[in-house]
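*Asks:* input_38.pdb is reproduced in full below (PDB, C-alpha atoms).
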```pdb
ATOM      1  CA  MET O 143    -135.148 215.300  53.624
ATOM      2  CA  ILE O 144    -132.631 212.420  53.794
ATOM      3  CA  ASP O 145    -129.930 211.778  56.397
ATOM      4  CA  ILE O 146    -127.701 208.723  55.931
ATOM      5  CA  HIS O 147    -125.047 209.579  58.549
ATOM      6  CA  LEU O 148    -126.679 210.039  61.945
ATOM      7  CA  HIS O 149    -125.475 208.677  65.302
ATOM      8  CA  PHE O 150    -128.591 208.375  67.423
ATOM      9  CA  ASP O 151    -126.638 208.407  70.700
ATOM     10  CA  GLY O 152    -125.326 211.847  69.725
ATOM     11  CA  SER O 153    -128.831 213.043  68.877
ATOM     12  CA  LEU O 154    -130.788 212.525  72.102
ATOM     13  CA  PRO O 155    -133.160 215.306  73.216
ATOM     14  CA  LEU O 156    -131.960 216.781  76.515
ATOM     15  CA  ASP O 157    -135.368 216.224  78.122
ATOM     16  CA  LEU O 158    -134.945 212.506  77.535
ATOM     17  CA  VAL O 159    -131.440 212.594  79.012
ATOM     18  CA  GLN O 160    -132.787 214.299  82.146
ATOM     19  CA  ARG O 161    -135.693 211.871  82.466
ATOM     20  CA  GLN O 162    -133.498 208.806  82.081
ATOM     21  CA  ALA O 163    -130.917 210.217  84.511
ATOM     22  CA  LYS O 164    -133.702 210.546  87.089
ATOM     23  CA  LEU O 165    -135.089 207.063  86.427
ATOM     24  CA  GLN O 166    -131.642 205.502  86.695
ATOM     25  CA  GLN O 167    -130.484 207.744  89.575
ATOM     26  CA  LEU O 168    -127.286 208.742  87.797
ATOM     27  CA  PRO O 169    -124.766 211.149  89.407
ATOM     28  CA  TYR O 170    -125.809 214.158  87.337
ATOM     29  CA  VAL O 171    -129.535 213.646  88.003
ATOM     30  CA  ASP O 172    -129.904 217.073  89.665
ATOM     31  CA  LEU O 173    -127.888 219.087  87.162
ATOM     32  CA  PRO O 174    -129.780 222.063  85.709
ATOM     33  CA  LYS O 175    -130.596 221.608  82.043
ATOM     34  CA  GLU O 176    -128.145 224.311  80.946
ATOM     35  CA  GLU O 177    -125.253 222.667  82.811
ATOM     36  CA  LEU O 178    -126.174 219.299  81.313
ATOM     37  CA  ARG O 179    -126.319 220.930  77.900
ATOM     38  CA  ASP O 180    -122.791 222.306  78.329
ATOM     39  CA  LEU O 181    -121.471 218.792  78.983
ATOM     40  CA  ILE O 182    -123.088 217.300  75.872
ATOM     41  CA  VAL O 183    -123.309 220.046  73.260
ATOM     42  CA  CYS O 184    -120.126 220.833  71.375
ATOM     43  CA  SER O 185    -119.199 224.402  70.584
ATOM     44  CA  ILE O 186    -117.502 225.478  67.385
ATOM     45  CA  GLU O 187    -114.325 225.830  69.503
ATOM     46  CA  CYS O 188    -113.985 222.083  70.100
ATOM     47  CA  GLU O 189    -110.259 221.251  70.158
ATOM     48  CA  SER O 190    -110.170 217.953  68.244
ATOM     49  CA  LEU O 191    -112.082 214.844  67.209
ATOM     50  CA  ASN O 192    -111.177 213.245  70.547
ATOM     51  CA  ASP O 193    -112.645 216.246  72.393
ATOM     52  CA  PHE O 194    -115.717 215.961  70.196
ATOM     53  CA  LEU O 195    -116.045 212.229  70.984
ATOM     54  CA  ALA O 196    -115.882 212.992  74.722
ATOM     55  CA  ARG O 197    -119.343 214.597  74.366
ATOM     56  CA  PHE O 198    -120.806 211.100  74.052
ATOM     57  CA  ALA O 199    -119.943 210.198  77.676
ATOM     58  CA  ILE O 200    -123.273 211.159  79.264
ATOM     59  CA  PRO O 201    -125.520 209.879  76.432
ATOM     60  CA  LEU O 202    -123.708 206.541  76.532
ATOM     61  CA  GLU O 203    -124.063 206.376  80.315
ATOM     62  CA  ILE O 204    -127.835 206.595  80.143
ATOM     63  CA  LEU O 205    -128.099 204.191  77.198
ATOM     64  CA  GLN O 206    -127.280 201.080  79.215
ATOM     65  CA  THR O 207    -130.810 199.698  79.650
ATOM     66  CA  TYR O 208    -133.240 198.114  77.225
ATOM     67  CA  ASP O 209    -135.911 200.752  77.882
ATOM     68  CA  SER O 210    -133.567 203.731  77.460
ATOM     69  CA  LEU O 211    -132.295 202.427  74.123
ATOM     70  CA  CYS O 212    -135.802 201.722  72.890
ATOM     71  CA  GLU O 213    -137.142 205.104  74.009
ATOM     72  CA  SER O 214    -134.158 206.956  72.568
ATOM     73  CA  VAL O 215    -134.472 205.554  69.051
ATOM     74  CA  GLU O 216    -138.175 206.353  69.055
ATOM     75  CA  ALA O 217    -137.503 209.890  70.331
ATOM     76  CA  VAL O 218    -134.882 210.587  67.645
ATOM     77  CA  LEU O 219    -137.283 209.372  64.961
ATOM     78  CA  ASP O 220    -139.967 211.723  66.341
ATOM     79  CA  ILE O 221    -137.528 214.625  65.981
ATOM     80  CA  LEU O 222    -136.693 213.633  62.408
ATOM     81  CA  LYS O 223    -140.361 213.368  61.482
ATOM     82  CA  SER O 224    -140.991 216.849  62.904
ATOM     83  CA  GLN O 225    -138.228 218.111  60.591
ATOM     84  CA  GLY O 226    -139.776 216.552  57.500
ATOM     85  CA  ILE O 227    -137.121 213.860  57.050
ATOM     86  CA  LEU O 228    -138.304 211.156  54.666
ATOM     87  CA  TYR O 229    -135.554 208.597  55.242
ATOM     88  CA  ALA O 230    -132.720 208.178  57.735
ATOM     89  CA  GLU O 231    -130.094 205.632  58.679
ATOM     90  CA  LEU O 232    -129.414 205.711  62.426
ATOM     91  CA  ARG O 233    -126.150 204.202  63.581
ATOM     92  CA  PHE O 234    -124.765 203.105  66.930
ATOM     93  CA  ALA O 235    -122.199 200.725  68.451
ATOM     94  CA  PRO O 236    -123.908 197.902  70.387
ATOM     95  CA  GLN O 237    -120.702 197.147  72.302
ATOM     96  CA  HIS O 238    -121.002 200.559  73.998
ATOM     97  CA  HIS O 239    -124.252 199.509  75.691
ATOM     98  CA  THR O 240    -123.187 196.462  77.693
ATOM     99  CA  LYS O 241    -121.941 198.057  80.932
ATOM    100  CA  LYS O 242    -125.029 197.238  83.039
ATOM    101  CA  GLY O 243    -125.956 193.723  82.029
ATOM    102  CA  LEU O 244    -127.157 193.951  78.439
ATOM    103  CA  ASN O 245    -125.311 192.001  75.785
ATOM    104  CA  GLN O 246    -124.869 193.342  72.264
ATOM    105  CA  GLU O 247    -127.820 191.423  70.875
ATOM    106  CA  GLU O 248    -130.151 192.746  73.558
ATOM    107  CA  ALA O 249    -128.971 196.269  72.760
ATOM    108  CA  VAL O 250    -129.726 195.692  69.076
ATOM    109  CA  LYS O 251    -133.163 194.278  69.885
ATOM    110  CA  ALA O 252    -133.938 197.320  72.032
ATOM    111  CA  ALA O 253    -132.963 199.683  69.215
ATOM    112  CA  LEU O 254    -135.014 197.658  66.751
ATOM    113  CA  GLU O 255    -138.065 197.855  69.001
ATOM    114  CA  GLY O 256    -137.632 201.630  69.203
ATOM    115  CA  LEU O 257    -137.303 201.735  65.423
ATOM    116  CA  GLN O 258    -140.499 199.750  64.971
ATOM    117  CA  ARG O 259    -142.411 201.990  67.375
ATOM    118  CA  GLY O 260    -141.109 205.160  65.761
ATOM    119  CA  LEU O 261    -142.096 204.070  62.271
ATOM    120  CA  GLN O 262    -145.611 202.853  63.058
ATOM    121  CA  ASP O 263    -147.294 206.010  61.785
ATOM    122  CA  GLY O 264    -145.745 205.580  58.327
ATOM    123  CA  ARG O 265    -144.502 209.169  58.118
ATOM    124  CA  MET O 266    -140.930 208.206  57.271
ATOM    125  CA  LYS O 267    -138.624 205.262  56.681
ATOM    126  CA  ALA O 268    -135.491 204.452  58.661
ATOM    127  CA  GLN O 269    -132.992 201.670  59.286
ATOM    128  CA  LEU O 270    -130.108 200.954  61.667
ATOM    129  CA  ILE O 271    -126.385 200.704  60.948
ATOM    130  CA  LEU O 272    -124.330 198.770  63.514
ATOM    131  CA  CYS O 273    -120.901 200.234  64.257
ATOM    132  CA  ALA O 274    -117.743 198.372  65.153
ATOM    133  CA  MET O 275    -115.325 200.520  67.143
ATOM    134  CA  ARG O 276    -111.672 201.393  66.680
ATOM    135  CA  GLY O 277    -109.700 200.471  69.796
ATOM    136  CA  ASP O 278    -107.388 198.046  71.563
ATOM    137  CA  GLY O 279    -108.453 194.567  72.588
ATOM    138  CA  ASN O 280    -112.006 194.671  71.243
ATOM    139  CA  ASP O 281    -111.672 192.445  68.173
ATOM    140  CA  ASP O 282    -114.107 189.896  69.597
ATOM    141  CA  GLU O 283    -116.666 192.621  70.235
ATOM    142  CA  ASN O 284    -116.277 193.934  66.690
ATOM    143  CA  PHE O 285    -116.802 190.504  65.158
ATOM    144  CA  GLU O 286    -119.857 190.055  67.377
ATOM    145  CA  THR O 287    -121.253 193.338  66.043
ATOM    146  CA  LEU O 288    -120.688 192.056  62.521
ATOM    147  CA  ARG O 289    -122.455 188.779  63.383
ATOM    148  CA  LEU O 290    -125.468 190.772  64.558
ATOM    149  CA  ALA O 291    -125.415 192.966  61.461
ATOM    150  CA  GLU O 292    -125.670 189.809  59.374
ATOM    151  CA  LYS O 293    -128.353 188.251  61.609
ATOM    152  CA  TYR O 294    -130.627 191.305  61.536
ATOM    153  CA  LEU O 295    -129.879 192.413  57.978
ATOM    154  CA  HIS O 296    -133.152 193.313  56.216
ATOM    155  CA  ARG O 297    -134.895 193.106  59.604
ATOM    156  CA  GLY O 298    -134.299 196.732  60.531
ATOM    157  CA  VAL O 299    -130.517 196.656  60.176
ATOM    158  CA  CYS O 300    -129.160 197.710  56.808
ATOM    159  CA  ALA O 301    -125.356 197.853  57.157
ATOM    160  CA  PHE O 302    -122.140 197.675  59.187
ATOM    161  CA  ASP O 303    -119.713 200.510  59.997
ATOM    162  CA  LEU O 304    -116.414 201.325  61.707
ATOM    163  CA  ALA O 305    -116.280 204.421  63.935
ATOM    164  CA  GLY O 306    -114.099 205.912  66.660
ATOM    165  CA  ALA O 307    -110.671 207.480  67.040
ATOM    166  CA  GLU O 308    -109.383 207.192  63.493
ATOM    167  CA  ALA O 309    -106.070 208.990  64.125
ATOM    168  CA  LEU O 310    -105.176 206.541  66.913
ATOM    169  CA  PHE O 311    -106.383 203.329  65.265
ATOM    170  CA  PRO O 312    -105.696 203.261  61.501
ATOM    171  CA  THR O 313    -108.294 201.882  59.127
ATOM    172  CA  GLU O 314    -105.781 199.389  57.731
ATOM    173  CA  HIS O 315    -105.871 197.486  61.045
ATOM    174  CA  TYR O 316    -109.441 196.396  60.285
ATOM    175  CA  ARG O 317    -108.828 194.635  56.973
ATOM    176  CA  GLU O 318    -109.734 191.187  58.323
ATOM    177  CA  LEU O 319    -112.986 192.478  59.825
ATOM    178  CA  PHE O 320    -114.181 193.905  56.525
ATOM    179  CA  ALA O 321    -112.996 190.917  54.540
ATOM    180  CA  ARG O 322    -115.377 188.944  56.723
ATOM    181  CA  ALA O 323    -118.176 191.459  56.182
ATOM    182  CA  LYS O 324    -117.675 191.233  52.432
ATOM    183  CA  ALA O 325    -117.693 187.434  52.540
ATOM    184  CA  LEU O 326    -120.954 187.489  54.507
ATOM    185  CA  GLY O 327    -122.570 189.884  52.040
ATOM    186  CA  VAL O 328    -123.129 192.580  54.692
ATOM    187  CA  PRO O 329    -123.134 196.079  53.151
ATOM    188  CA  PHE O 330    -120.813 198.509  54.889
ATOM    189  CA  THR O 331    -119.636 202.070  55.180
ATOM    190  CA  ILE O 332    -116.447 203.166  56.984
ATOM    191  CA  HIS O 333    -115.557 206.376  58.816
ATOM    192  CA  ALA O 334    -112.371 207.436  57.007
ATOM    193  CA  GLY O 335    -110.587 210.644  56.073
ATOM    194  CA  GLU O 336    -112.071 212.501  59.046
ATOM    195  CA  ALA O 337    -109.200 212.554  61.569
ATOM    196  CA  ALA O 338    -106.663 210.771  59.339
ATOM    197  CA  GLY O 339    -105.416 211.461  55.828
ATOM    198  CA  PRO O 340    -106.073 210.095  52.346
ATOM    199  CA  GLU O 341    -104.413 206.770  53.233
ATOM    200  CA  SER O 342    -107.380 205.998  55.482
ATOM    201  CA  VAL O 343    -109.828 206.500  52.621
ATOM    202  CA  ARG O 344    -107.645 204.388  50.334
ATOM    203  CA  ALA O 345    -107.671 201.563  52.870
ATOM    204  CA  ALA O 346    -111.474 201.712  53.111
ATOM    205  CA  LEU O 347    -111.783 201.597  49.326
ATOM    206  CA  SER O 348    -109.431 198.619  49.178
ATOM    207  CA  PHE O 349    -111.756 196.783  51.582
ATOM    208  CA  GLY O 350    -114.599 197.301  49.100
ATOM    209  CA  ALA O 351    -116.372 200.220  50.785
ATOM    210  CA  LYS O 352    -119.010 201.801  48.541
ATOM    211  CA  ARG O 353    -119.606 204.549  51.082
ATOM    212  CA  ILE O 354    -117.186 206.610  53.170
ATOM    213  CA  GLY O 355    -118.114 208.430  56.369
ATOM    214  CA  HIS O 356    -116.820 212.020  56.033
ATOM    215  CA  GLY O 357    -113.824 211.510  53.680
ATOM    216  CA  VAL O 358    -112.869 215.198  53.810
ATOM    217  CA  HIS O 359    -109.100 214.592  53.715
ATOM    218  CA  ALA O 360    -109.427 212.882  50.340
ATOM    219  CA  ILE O 361    -109.062 216.396  48.917
ATOM    220  CA  GLU O 362    -105.344 216.232  49.758
ATOM    221  CA  ASP O 363    -104.769 213.569  47.064
ATOM    222  CA  PRO O 364    -105.950 214.461  43.525
ATOM    223  CA  ALA O 365    -105.512 210.859  42.372
ATOM    224  CA  LEU O 366    -107.784 209.714  45.183
ATOM    225  CA  VAL O 367    -110.392 212.324  44.254
ATOM    226  CA  ALA O 368    -110.284 210.968  40.703
ATOM    227  CA  GLU O 369    -110.707 207.411  41.996
ATOM    228  CA  LEU O 370    -113.683 208.391  44.134
ATOM    229  CA  LYS O 371    -115.269 210.014  41.094
ATOM    230  CA  GLU O 372    -114.569 207.016  38.871
ATOM    231  CA  LYS O 373    -116.013 204.559  41.399
ATOM    232  CA  GLN O 374    -118.886 206.936  42.278
ATOM    233  CA  THR O 375    -118.214 206.250  45.941
ATOM    234  CA  ILE O 376    -120.729 207.892  48.256
ATOM    235  CA  LEU O 377    -119.176 210.451  50.623
ATOM    236  CA  GLU O 378    -121.198 211.085  53.782
ATOM    237  CA  CYS O 379    -120.202 214.670  54.612
ATOM    238  CA  CYS O 380    -121.281 216.322  57.869
ATOM    239  CA  VAL O 381    -120.108 219.907  57.591
ATOM    240  CA  ILE O 382    -120.933 221.375  61.002
ATOM    241  CA  SER O 383    -119.437 218.473  62.958
ATOM    242  CA  ASN O 384    -116.383 218.501  60.676
ATOM    243  CA  VAL O 385    -115.785 222.131  61.638
ATOM    244  CA  GLN O 386    -116.333 221.397  65.334
ATOM    245  CA  SER O 387    -114.022 218.361  65.409
ATOM    246  CA  LYS O 388    -111.360 220.226  63.427
ATOM    247  CA  ALA O 389    -111.527 217.774  60.548
ATOM    248  CA  VAL O 390    -111.388 221.048  58.585
ATOM    249  CA  LYS O 391    -109.915 224.348  59.810
ATOM    250  CA  CYS O 392    -113.021 226.379  59.064
ATOM    251  CA  ALA O 393    -116.310 226.160  57.208
ATOM    252  CA  GLU O 394    -114.941 227.906  54.137
ATOM    253  CA  GLU O 395    -112.294 225.190  53.726
ATOM    254  CA  HIS O 396    -114.767 222.303  53.759
ATOM    255  CA  PRO O 397    -114.507 220.417  50.434
ATOM    256  CA  VAL O 398    -118.188 219.486  50.058
ATOM    257  CA  ARG O 399    -118.852 222.015  47.276
ATOM    258  CA  TYR O 400    -115.544 221.226  45.561
ATOM    259  CA  PHE O 401    -116.421 217.529  45.632
ATOM    260  CA  LEU O 402    -119.789 218.302  44.050
ATOM    261  CA  GLU O 403    -118.173 220.388  41.332
ATOM    262  CA  GLN O 404    -115.710 217.568  40.599
ATOM    263  CA  GLY O 405    -118.591 215.142  40.066
ATOM    264  CA  LEU O 406    -118.180 213.121  43.261
ATOM    265  CA  LYS O 407    -121.196 211.480  44.896
ATOM    266  CA  VAL O 408    -121.168 213.665  47.984
ATOM    267  CA  THR O 409    -124.049 213.858  50.468
ATOM    268  CA  LEU O 410    -124.872 216.166  53.377
ATOM    269  CA  ASN O 411    -125.796 214.789  56.805
ATOM    270  CA  THR O 412    -126.076 215.810  60.473
ATOM    271  CA  ASP O 413    -123.771 213.298  62.218
ATOM    272  CA  ASN O 414    -125.031 214.153  65.754
ATOM    273  CA  MET O 415    -128.027 216.423  66.057
ATOM    274  CA  THR O 416    -127.699 217.218  69.771
ATOM    275  CA  ILE O 417    -123.932 217.280  70.164
ATOM    276  CA  SER O 418    -123.627 219.530  67.115
ATOM    277  CA  GLN O 419    -126.943 221.374  67.670
ATOM    278  CA  THR O 420    -127.859 220.769  64.075
ATOM    279  CA  SER O 421    -130.503 219.456  61.684
ATOM    280  CA  MET O 422    -130.600 218.874  57.956
ATOM    281  CA  ALA O 423    -132.108 222.339  57.484
ATOM    282  CA  LYS O 424    -129.266 223.893  59.495
ATOM    283  CA  GLU O 425    -126.645 221.944  57.550
ATOM    284  CA  VAL O 426    -128.028 223.187  54.242
ATOM    285  CA  SER O 427    -128.264 226.760  55.541
ATOM    286  CA  PHE O 428    -124.702 226.584  56.917
ATOM    287  CA  VAL O 429    -123.297 225.382  53.586
ATOM    288  CA  ARG O 430    -125.259 228.002  51.666
ATOM    289  CA  GLU O 431    -123.852 230.720  53.914
ATOM    290  CA  HIS O 432    -120.218 229.604  53.976
ATOM    291  CA  LEU O 433    -119.787 227.857  50.625
ATOM    292  CA  GLY O 434    -122.452 229.324  48.387
ATOM    293  CA  LEU O 435    -124.469 226.147  47.869
ATOM    294  CA  THR O 436    -127.001 226.559  45.066
ATOM    295  CA  LYS O 437    -130.508 225.088  44.947
ATOM    296  CA  GLU O 438    -129.458 222.702  42.198
ATOM    297  CA  GLN O 439    -126.466 221.534  44.258
ATOM    298  CA  GLU O 440    -128.740 221.007  47.268
ATOM    299  CA  LYS O 441    -130.968 218.808  45.127
ATOM    300  CA  ARG O 442    -127.910 216.884  43.922
ATOM    301  CA  LEU O 443    -126.835 216.225  47.528
ATOM    302  CA  TYR O 444    -130.214 214.651  48.275
ATOM    303  CA  LEU O 445    -130.260 212.610  45.066
ATOM    304  CA  ASN O 446    -126.769 211.356  45.858
ATOM    305  CA  ALA O 447    -128.045 210.302  49.287
ATOM    306  CA  VAL O 448    -130.826 208.353  47.618
ATOM    307  CA  ASP O 449    -128.290 206.624  45.386
ATOM    308  CA  GLY O 450    -126.161 205.722  48.402
ATOM    309  CA  ALA O 451    -128.959 204.629  50.733
ATOM    310  CA  PHE O 452    -128.957 200.990  51.812
ATOM    311  CA  LEU O 453    -132.383 200.469  50.236
ATOM    312  CA  ASP O 454    -133.977 198.351  47.528
ATOM    313  CA  GLU O 455    -134.447 199.986  44.138
ATOM    314  CA  LYS O 456    -138.204 200.425  44.528
ATOM    315  CA  SER O 457    -137.743 202.411  47.739
ATOM    316  CA  LYS O 458    -134.990 204.469  46.134
ATOM    317  CA  GLU O 459    -137.219 205.363  43.214
ATOM    318  CA  GLU O 460    -139.942 206.543  45.601
ATOM    319  CA  LEU O 461    -137.406 208.769  47.368
ATOM    320  CA  ARG O 462    -136.048 210.129  44.074
ATOM    321  CA  ASN O 463    -139.558 211.112  43.055
ATOM    322  CA  ALA O 464    -140.118 212.826  46.403
ATOM    323  CA  VAL O 465    -136.861 214.787  46.107
ATOM    324  CA  THR O 466    -137.635 215.825  42.532
ATOM    325  CA  LYS O 467    -141.129 216.935  43.537
ATOM    326  CA  ALA O 468    -139.743 219.007  46.427
ATOM    327  CA  PHE O 469    -137.468 220.947  44.065
TER     328      PHE O 469
END
```
Can you dump the structure from the file as structure tokens?
*Replies:*
Amino acid sequence: MIDIHLHFDGSLPLDLVQRQAKLQQLPYVDLPKEELRDLIVCSIECESLNDFLARFAIPLEILQTYDSLCESVEAVLDILKSQGILYAELRFAPQHHTKKGLNQEEAVKAALEGLQRGLQDGRMKAQLILCAMRGDGNDDENFETLRLAEKYLHRGVCAFDLAGAEALFPTEHYRELFARAKALGVPFTIHAGEAAGPESVRAALSFGAKRIGHGVHAIEDPALVAELKEKQTILECCVISNVQSKAVKCAEEHPVRYFLEQGLKVTLNTDNMTISQTSMAKEVSFVREHLGLTKEQEKRLYLNAVDGAFLDEKSKEELRNAVTKAF
């Protein structure tokens, strides 16, 4: 019903990828759909987060034009509506879409146009989160992403994020970036505790993060778990992708149910619908099967997502009522 951690570039329908490859005459234009699928979809045997991230190569290659970005956001929203999703926050990194002439702002405008088109029928609500990227030599690009998050805040953009290879580029290195975000009043979430340990989550909390993307390695530090409970920090868990990327060794070791039982504000999300071949229904079913999720705990996950959503209180209350009615 609610998905607050969804990368739209990792959620493209394969038909759209094929169509855009043909329009843009890309090298893999003649690949059969099954071969294309094997290059994008991640199996449960994925070796690491870096291997998982490599699955974005083809989606990012096609998302270098205004029209492909616009069409892709609209297409992902159509999929979500077909699944009965009431609210979603779609995230992407504008700096990844500037290889063929677009600048970051044009990429954001394209995504916003797709968002507007996809929401015209009023069947759901959605907003965009703009991601800065971990890496070397891209500080200027990250600050530009933040500038755009501020410029388009409340105009389709709801927040700022940091994504990428967490084990290679520690969260602590981005303190200045998030100090600026805080000073500008831009809400933010940070990928942390996915490929790095509890120290990454602690750094994100010290920046003022009210939401943490994944956060699974927080379980290794009981004091940190207690702090997350005390602060009621929202944890954006994505169980299937966490298993695939080896953030956890296996489904049974995922801490999402433990976090719930400890009173943490944990949520359940898809991360990347296509790369992980998932949906919110599949995530819930997967957790029920491997961790014994109860109906009441499922409801709590959705209510936690409402609490964490970058929405005004009136919109949150409408979502709470919808969740309560559904259960």
*Asks:* Quick one: of O:Leu288, O:Ala199, O:Ile221, O:Leu211, who's nearest to Ser153 of chain O, counting all atoms listed in the file?
*Replies:*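 Comparing O:Leu288, O:Ala199, O:Ile221, O:Leu211 against Ser153 of chain O, the winner is O:Ile221.
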*Asks:* Using atom CA of Phe311 of chain O and atom CA of Gly277 of chain O as the two end points, give the distance in Å to one decimal.
*Replies:*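 Here the two named atoms are 6.3 Å from each other.
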*Asks:* May I ask for the distance between atom CA of Ile332 of chain O and atom CA of His356 of chain O, given in Å to one decimal place?
*Replies:*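 Atom CA of His356 of chain O lies at a distance of 8.9 Å from atom CA of Ile332 of chain O.
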*Asks:* Expanded to explicit residues, what is the PyMOL selection byres ((chain O and resi 312-325) around 8) for this file, as a list in words?
*Replies:* Asn284, Phe285, Leu288, Phe302, Glu308, Ala309, Leu310, Phe311, Leu326, Gly327, Val328, Pro329, Phe330, Ala334, Ala338, Ser342, Ala345, Ala346, Phe349 and Gly350 of chain O
*Asks:* So, with all atoms listed in the file as the atoms that count, which of O:Leu257, O:Ala305, O:Ile417, O:Ala337 lies closest to Asp151 of chain O?
*Replies:* O:Ile417
*Asks:* Have a look at O:Gly260, O:Gly226, O:Pro174, O:Pro155 and name the one nearest to Ala423 of chain O; count all atoms listed in the file.
*Replies:* O:Gly226
*Asks:* Once you count only C-alpha atoms, what closest atom pair and distance in Å to one decimal does each residue of segment 203-300 of chain O within 9 Å of segment 443-454 of chain O have, with rows by chain and rising residue number, as CSV?
*Replies:*
```
residue,atom,partner,partner_atom,distance
O:Tyr229,CA,O:Ala451,CA,8.9
O:Ala230,CA,O:Ala451,CA,8.7
O:Glu231,CA,O:Ala451,CA,8.1
O:Gln269,CA,O:Phe452,CA,8.5
O:Cys300,CA,O:Phe452,CA,6.0
```
*Asks:* Output the selection as a tab-separated table (two decimals), in the coordinates of the input - C-alpha atoms for each residue.
*Replies:*
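And here is the file that came out, again_25.tsv:
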```tsv
chain	number	residue	atom	x	y	z
O	229	TYR	CA	-135.55	208.60	55.24
O	230	ALA	CA	-132.72	208.18	57.74
O	231	GLU	CA	-130.09	205.63	58.68
O	269	GLN	CA	-132.99	201.67	59.29
O	300	CYS	CA	-129.16	197.71	56.81
```
*Asks:* Hey, what comes out of the PyMOL selection byres ((chain O and resi 268) around 12) on this file? Could you write it as a VMD selection string?
*Replies:* chain O and resid 143 to 148 150 215 to 216 218 to 220 222 to 223 227 to 233 253 to 254 256 to 262 264 to 267 269 to 271 296 to 300 451 to 453 457
*Asks:* Quick one, how far is atom CA of Glu292 of chain O from atom CA of Gln246 of chain O?
*Replies:*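 So the two atoms, atom CA of Glu292 of chain O and atom CA of Gln246 of chain O, lie 13.4 Å apart.
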*Asks:* Given the PyMOL selection byres ((chain O and resi 389-396) around 8) and the file above, list the residues it selects as a list of chain:residue names.
*Replies:*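 With the shown file as input, the PyMOL selection byres ((chain O and resi 389-396) around 8) matches O:Ser190, O:Leu191, O:Glu336, O:Ala337, O:Val358, O:His359, O:Val381, O:Ile382, O:Asn384, O:Val385, O:Gln386, O:Ser387, O:Lys388, O:Pro397, O:Val398, O:Arg399, O:Val429, O:His432, O:Leu433.
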*Asks:* Just checking: using only C-alpha atoms, which residue out of O:Leu290, O:Leu272, O:Ala468, O:Ala252 ends up closest to Ala235 of chain O?
*Replies:* O:Leu272
*Asks:* For Thr436 of chain O, work out the shell of residues within 12 Å, counting only C-alpha atoms and skipping chain neighbours fewer than 6 positions away, then give it as an MDAnalysis selection string.
*Replies:* chainID O and resid 399 402:403 426:427 429:430 442:443 469
*Asks:* Point out the residue among O:Glu203, O:Asp157, O:Asp193, O:Glu438 with the least atom-to-atom distance to Arg179 of chain O, counting all atoms listed in the file.
*Replies:*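 Comparing O:Glu203, O:Asp157, O:Asp193, O:Glu438 against Arg179 of chain O, the winner is O:Asp157.
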*Asks:* Using only C-alpha atoms, pick whichever of O:Ala291, O:Arg344, O:Cys379, O:Glu431 has the shortest atom-to-atom distance to Thr412 of chain O.
*Replies:*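 Ranked by minimum distance to Thr412 of chain O, first place goes to O:Cys379.
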*Asks:* Would you kindly place N, CA, C and O atoms on segment 432-440 of chain O and return the model as an mmCIF file, in the coordinates of the input?
*Replies:*
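New file rebuild11.cif:
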```
data_model
loop_
_atom_site.group_PDB
_atom_site.id
_atom_site.type_symbol
_atom_site.label_atom_id
_atom_site.label_comp_id
_atom_site.auth_asym_id
_atom_site.auth_seq_id
_atom_site.Cartn_x
_atom_site.Cartn_y
_atom_site.Cartn_z
ATOM 1 N N HIS O 432 -121.677 229.622 53.978
ATOM 2 C CA HIS O 432 -120.218 229.604 53.976
ATOM 3 C C HIS O 432 -119.592 229.133 52.660
ATOM 4 O O HIS O 432 -118.436 229.460 52.394
ATOM 5 N N LEU O 433 -120.366 228.403 51.856
ATOM 6 C CA LEU O 433 -119.787 227.857 50.625
ATOM 7 C C LEU O 433 -120.599 228.179 49.380
ATOM 8 O O LEU O 433 -120.243 227.742 48.285
ATOM 9 N N GLY O 434 -121.677 228.921 49.550
ATOM 10 C CA GLY O 434 -122.452 229.324 48.387
ATOM 11 C C GLY O 434 -123.179 228.198 47.688
ATOM 12 O O GLY O 434 -123.262 228.165 46.458
ATOM 13 N N LEU O 435 -123.731 227.273 48.449
ATOM 14 C CA LEU O 435 -124.469 226.147 47.869
ATOM 15 C C LEU O 435 -125.671 226.665 47.084
ATOM 16 O O LEU O 435 -126.441 227.494 47.575
ATOM 17 N N THR O 436 -125.851 226.167 45.876
ATOM 18 C CA THR O 436 -127.001 226.559 45.066
ATOM 19 C C THR O 436 -128.150 225.573 45.271
ATOM 20 O O THR O 436 -127.972 224.482 45.813
ATOM 21 N N LYS O 437 -129.330 225.953 44.833
ATOM 22 C CA LYS O 437 -130.508 225.088 44.947
ATOM 23 C C LYS O 437 -130.294 223.795 44.179
ATOM 24 O O LYS O 437 -130.650 222.706 44.640
ATOM 25 N N GLU O 438 -129.709 223.897 43.003
ATOM 26 C CA GLU O 438 -129.458 222.702 42.198
ATOM 27 C C GLU O 438 -128.456 221.785 42.879
ATOM 28 O O GLU O 438 -128.579 220.545 42.839
ATOM 29 N N GLN O 439 -127.444 222.353 43.531
ATOM 30 C CA GLN O 439 -126.466 221.534 44.258
ATOM 31 C C GLN O 439 -127.101 220.876 45.481
ATOM 32 O O GLN O 439 -126.782 219.731 45.811
ATOM 33 N N GLU O 440 -128.011 221.598 46.145
ATOM 34 C CA GLU O 440 -128.740 221.007 47.268
ATOM 35 C C GLU O 440 -129.531 219.793 46.795
ATOM 36 O O GLU O 440 -129.513 218.728 47.436
#
```
